[in-house]
Amino acid sequence: MSSAPGTLDALQHAVAASRPGPIRITGAGTKAARLAPADGDVLDLRQLTGITSYNPAECVLTALAGTPVAEIEAALAAHQQYLAFDPTHVRAGGTIGGTVASGLSGSGRYRYGGVRDFIIGARVVDGHGRLVTSGGQVVKNAAGFLTHHALVGSAGRLGAIAEVTFKVFPRPEARATLRADCASIDDAFAAHERLRAAAMDLEALDIEVAPDLRGATVWTRLAGAADALPARLARAQGLLGITSQVLQHDDDARVWSDAAECAWTAGAAALVKVPAAPTRVVAVTRALTPLGTCRVQCGGAVVLLATSQPLDAVHATLAGQGWRGVVVCGPAHGRRLGATESDAFGARVRHALDPDQRFH
Amino acid sequence: MTDVLTALARLYPPDRLLTRAASLASYESDGLTAFRTRPLAVVLAESTQDVVNTVRLCHARGVPFVARGSGTSLSGGSVPIEDGVVIALNRMNRILRVDPVDRIAVVQPGVINLDISVAGEPHGLYYAPDPSSQSVCTIGGNVAFNSGGAHCFRHGMTANHVLGLEVVLPDGEVVRLGGDSVEDVGPDLTGLFVGSEGLFGVAVEITVRLIPRPEAYRTVLASYASLQAAGDAVTRIIAAGLLPGAMEIMDRLAIEAAEAAVHAGYPRDAAAVLLVELEGEQAQADAELARLRAVLEQSEPTDIRVAQNADERALLWKGRKCAFSAVGRISPDFIVQDGVVPRTKLGDALVAIEQLSAQHGVRVANVFHAGDGNLHPLILYDGREPGALERAEALATDILRLCIRLGGSITGEHGVGLEKRAFLPEMYSPEDMAFMQRLRSSVDGRAIANRGKMLQVPA
């Protein structure tokens, strides 16, 4: 059975009425939600759409879960504001609820943070059809449990995300991108590290690794006051220490829009996010490259792997090193790979929201 | 009860298990001195194992416990529970690791907030959340109460700077949440643990993000003939697309007090001052300063001054940072209220607070984090005067209800604790409150972890 509630009431009713069977939540399907449980209900949230409130002077926006991110970005752009965590799959039609559930941020998260750093409130429907609110409409708030944080990366397993509230930022006046093609990944990582270590405020710092490590491209984005940008670009070019090309206006926008669509993953069966850190990012990248194509994001804090290999192989590689990963696109969306930890706290949180394990 | 003490005495030597009235006295209250309870015992924990052993023992016997650092909570969050155990974490004060390349620090809960930034200093790094008590408060308490500071609009709160935790759950089980990366796999349980006010257990190891110190700061003090004008200037700054690191407002009474205390050079005739600080790369900060000046000049200021060097910057901040203690010099007693309103309602809130102050016949000095709508009215009273405390408390309550009415929050950074427990149900629906109780029961079935804080004890 499938239902497509268009209101919070209808969503609550749909969840309550379908008890006690399993539920699979879907949105636009841009991150290819999990396969439906054989005997379960599908809850399609695309009708639960619309910006609930947006006051540009407050820099706060609330939207229902099924709202396309593109609609939100357009509303913000009209007031020179943006979602600074850089949502992905926007052109493809991705929804804001799916963005939170996947916990996937774009390359632009480097500057100010990811989804977890901008979500300030949410409403979620639990396994009994009850509507639970946490956080609020203000950017600073220490009242009550931060349940909305647990929804980031929850992959539809804790409850049906119904509405989310974000802090938004003023959009920078001007932006530009440096493209530096390197003959080897060692050159790319060296240039990357010189930029990362400098006292520069970069919007994004990515390395696109060629298949089989046959070279790499360092992508650097700067943003800010238009009159200060040329000097800052020149400084960044000096730090890169290798020839780089400046991309501006539409050329700049296209690079990052394509990155947000994960255009580079085309043809892969799954996209895996591997949290990393600068001191091990080279090792992570080298270890994963035989399994697919890698993109290093966020100054080395994240490695994304686009792969068509069996996920068990990815799991084995990660587990062998004590690393962890999670499938963020593909039918196994939400599956964790690699090293495991006790999930005793997570299990207790799930029990509170979904005692009958309907969303599992 | 003697049974618990006997069991504890088997675990700890007498110098690490306090049970006598004289040694328990200093643990009876915290930064909010109105609440006072004598605990059964205080355990001076020195290791994760100490915390685990104590929590297990409490869990087995259904004895409530509260973990405590420096006891600076302004919401009564670390006040002991009657017949309960205090787990003092001050001795677990080691910075275990600073990694300047990965820009993280791994610390024990008893580490002082500011000491993390001091450890990062040689590498040009610092820990961003800066509660006013940062030179004494501990990171464990910051995690429990999701502490804020003056830079939250741009930089976020404690939840945004904690990447990983090792936690002793209320039954003594130890789990790790998050890790050492800014990204995680699966639900952000680290973020959920932060701000749980001790109800989910005790954080015994904390991995925090360090961020590079900005290349340049540009600090400006603008003075105004009215509070409303200062509040409006903040709205203009945001509308102009600027993203300052901090925006702080002080009213006439707060300015007077600060000037008397530290001579920061604030204009004494101003009704309000607005302190704005830009941060970033030199070229960018200079370009923003030009824009900020243009915006401020349109905001009808009576004076604008720009700090010309680090000393002038430090002096401008000194006036703001000492405001709370300075008010102590002009009033024998005061209550620091902590409420939040949507930033665009700041003007309305200030006018309403002025009216409430007049109605109650109680003076209020206003100091606040204007960038994020976080009000800190200082409610002045003389405790020796009969009824004065009650009048001050009545005003404090009215201000909280005002924050709820305007769509804000009853606390921006101090937490709910004991002080605001009765107000949480005014901010959230009965269904939301019921969920918080379910979540708490699911994590802590015996309701022993910091029992009575944030939530009423379930019947």
# chains A, B, ... in the order shown; residues from 1 in each chain; ligands from 1
$ closest_atom_pairs --of "chain A" --to "chain B" --cutoff "6 Å" --atoms "only C-alpha atoms" --output "tab-separated table"
residue	atom	partner	partner_atom	distance
A:Glu58	CA	B:Arg343	CA	6.0
A:Asp117	CA	B:Asn160	CA	5.5
A:Val132	CA	B:Asp432	CA	5.3
A:Thr133	CA	B:Asp432	CA	5.9
A:Val138	CA	B:Pro342	CA	5.8
A:Lys140	CA	B:Gly412	CA	5.1
A:Asn141	CA	B:Gly412	CA	4.3
A:Ala142	CA	B:Gly412	CA	5.1
A:Ala143	CA	B:Thr411	CA	5.8
A:Phe145	CA	B:Ser196	CA	5.6
A:Leu146	CA	B:Leu192	CA	5.0
A:Thr147	CA	B:Leu192	CA	5.8
A:His149	CA	B:Gly191	CA	5.4
A:Ala150	CA	B:Asp188	CA	4.7
A:Leu151	CA	B:Pro187	CA	5.9
A:Val152	CA	B:Pro187	CA	5.4
A:Gly153	CA	B:Pro187	CA	4.5
A:Ser154	CA	B:Pro187	CA	4.5
A:Pro170	CA	B:Gly241	CA	4.9
A:Ala228	CA	B:Ala283	CA	5.5
A:Pro275	CA	B:Glu183	CA	5.4
A:Ala276	CA	B:Ser181	CA	5.7
A:Ala277	CA	B:Asp102	CA	5.8
A:Pro278	CA	B:Asp102	CA	5.4
A:Ala301	CA	B:Ser181	CA	5.9
A:Val326	CA	B:Val185	CA	5.4
A:Ser342	CA	B:Val175	CA	6.0
A:Arg348	CA	B:Ser442	CA	5.4
A:Ala352	CA	B:Leu439	CA	5.0
$ closest_residue --among "A:Arg221, A:Lys167, A:Arg232, A:His333" --to "A:Leu61" --atoms "only C-alpha atoms"
A:Lys167
$ residues_around --residues "B:Arg305" --least-positions-apart "6" --cutoff "10 Å" --atoms "only C-alpha atoms" --output "PyMOL selection string"
chain B and resi 219-223+266+275+293+316
$ write_last_selection --atoms "C-alpha atoms" --output "CSV table (one decimal), in the first residue's frame"
chain,number,residue,atom,x,y,z
B,219,THR,CA,36.0,45.8,15.7
B,220,VAL,CA,33.5,48.8,15.8
B,221,LEU,CA,31.6,50.4,18.6
B,222,ALA,CA,28.5,52.4,17.5
B,223,SER,CA,26.6,54.5,20.1
B,266,TYR,CA,32.3,53.7,26.1
B,275,LEU,CA,29.7,46.3,19.4
B,293,ARG,CA,30.7,51.8,8.2
B,316,LEU,CA,36.2,47.5,23.7
$ residues_around --residues "B:Ala105" --least-positions-apart "3" --cutoff "6 Å" --atoms "only C-alpha atoms" --output "PyMOL selection string"
chain B and resi 97-98+207-208
$ write_last_selection --atoms "C-alpha atoms" --output "CSV table (one decimal), in the first residue's frame"
chain,number,residue,atom,x,y,z
B,97,ARG,CA,45.6,15.2,22.3
B,98,VAL,CA,45.8,18.3,20.2
B,207,THR,CA,36.6,15.5,20.8
B,208,VAL,CA,36.2,19.1,19.7
$ residues_around --residues "A:Val314" --least-positions-apart "2" --cutoff "8 Å" --atoms "only C-alpha atoms" --output "number ranges by chain"
A: 288, 291, 309-312, 316-318, 337-338
$ residues_around --residues "A:Gly97" --least-positions-apart "6" --cutoff "7 Å" --atoms "only C-alpha atoms" --output "NGL selection string"
:A and (65-66 or 161)
$ write_last_selection --atoms "C-alpha atoms" --output "compact mmCIF listing (two decimals), in the first residue's frame"
# COMPACT_ATOMS: atom_id res chain seq x y z
CA ALA A 65 9.72 17.75 4.32
CA GLY A 66 8.64 17.22 0.71
CA ILE A 161 10.62 13.83 9.11
$ residues_around --residues "A:Lys31" --least-positions-apart "4" --cutoff "7 Å" --atoms "only C-alpha atoms" --output "NGL selection string"
:A and (328-330)
$ select_by_dssp --residues "stretch 19-122 of chain B" --states "strand (DSSP E or B)" --output "MDAnalysis selection string"
chainID B and resid 41:44 65:68 85:88 95:99 104:107 112
$ atom_distance --atom1 "atom CA of A:Thr62" --atom2 "atom CA of A:Ile119"
9.8 Å
$ select_by_dssp --residues "stretch 121-220 of chain B" --states "helix (DSSP H, G or I)" --output "compact mmCIF listing (two decimals) with C-alpha atoms, in the first residue's frame"
# COMPACT_ATOMS: atom_id res chain seq x y z
CA GLU B 121 47.17 28.89 20.39
CA PRO B 122 50.68 27.80 19.28
CA HIS B 123 49.06 26.34 16.17
CA ILE B 139 33.92 21.49 28.78
CA GLY B 140 31.89 18.66 30.33
CA GLY B 141 29.36 21.19 31.58
CA ASN B 142 29.44 22.99 28.21
CA VAL B 143 28.54 19.70 26.52
CA ALA B 144 25.75 18.95 28.99
CA PHE B 145 24.17 22.39 28.57
CA CYS B 152 26.65 31.77 17.91
CA PHE B 153 24.96 33.27 14.85
CA ARG B 154 28.04 32.74 12.72
CA HIS B 155 29.77 29.90 14.55
CA THR B 158 28.65 23.72 21.55
CA ALA B 159 26.68 21.05 19.60
CA ASN B 160 28.29 22.33 16.40
CA LEU B 189 23.72 11.22 18.11
CA THR B 190 26.65 13.37 19.23
CA GLY B 191 24.50 16.43 18.57
CA LEU B 192 21.57 14.84 20.41
CA PHE B 193 23.70 14.09 23.49
$ decode --residues "stretch 162-173 of chain A" --atoms "N, CA and C atoms" --output "short mmCIF file (atom, residue, chain, number, x, y, z; two decimals), in the first residue's frame"
data_model
loop_
_atom_site.label_atom_id
_atom_site.label_comp_id
_atom_site.auth_asym_id
_atom_site.auth_seq_id
_atom_site.Cartn_x
_atom_site.Cartn_y
_atom_site.Cartn_z
N ALA A 162 8.85 15.51 9.14
CA ALA A 162 7.68 16.19 8.59
C ALA A 162 7.97 17.65 8.21
N GLU A 163 8.80 18.29 9.03
CA GLU A 163 9.09 19.71 8.80
C GLU A 163 10.44 20.03 9.41
N VAL A 164 11.20 20.88 8.74
CA VAL A 164 12.52 21.23 9.28
C VAL A 164 12.73 22.74 9.23
N THR A 165 13.53 23.23 10.18
CA THR A 165 13.84 24.66 10.24
C THR A 165 15.35 24.84 10.18
N PHE A 166 15.77 25.75 9.32
CA PHE A 166 17.19 26.01 9.12
C PHE A 166 17.56 27.46 9.37
N LYS A 167 18.76 27.63 9.86
CA LYS A 167 19.41 28.94 9.85
C LYS A 167 19.94 29.13 8.44
N VAL A 168 19.74 30.31 7.87
CA VAL A 168 20.28 30.59 6.54
C VAL A 168 21.21 31.80 6.62
N PHE A 169 22.08 31.93 5.64
CA PHE A 169 23.09 32.99 5.67
C PHE A 169 22.95 33.93 4.48
N PRO A 170 23.46 35.17 4.63
CA PRO A 170 23.51 36.06 3.47
C PRO A 170 24.46 35.47 2.42
N ARG A 171 24.04 35.56 1.16
CA ARG A 171 24.86 35.00 0.09
C ARG A 171 26.03 35.93 -0.20
N PRO A 172 27.22 35.37 -0.40
CA PRO A 172 28.37 36.24 -0.69
C PRO A 172 28.12 37.04 -1.96
N GLU A 173 28.71 38.24 -1.98
CA GLU A 173 28.54 39.16 -3.10
C GLU A 173 29.11 38.59 -4.40
#
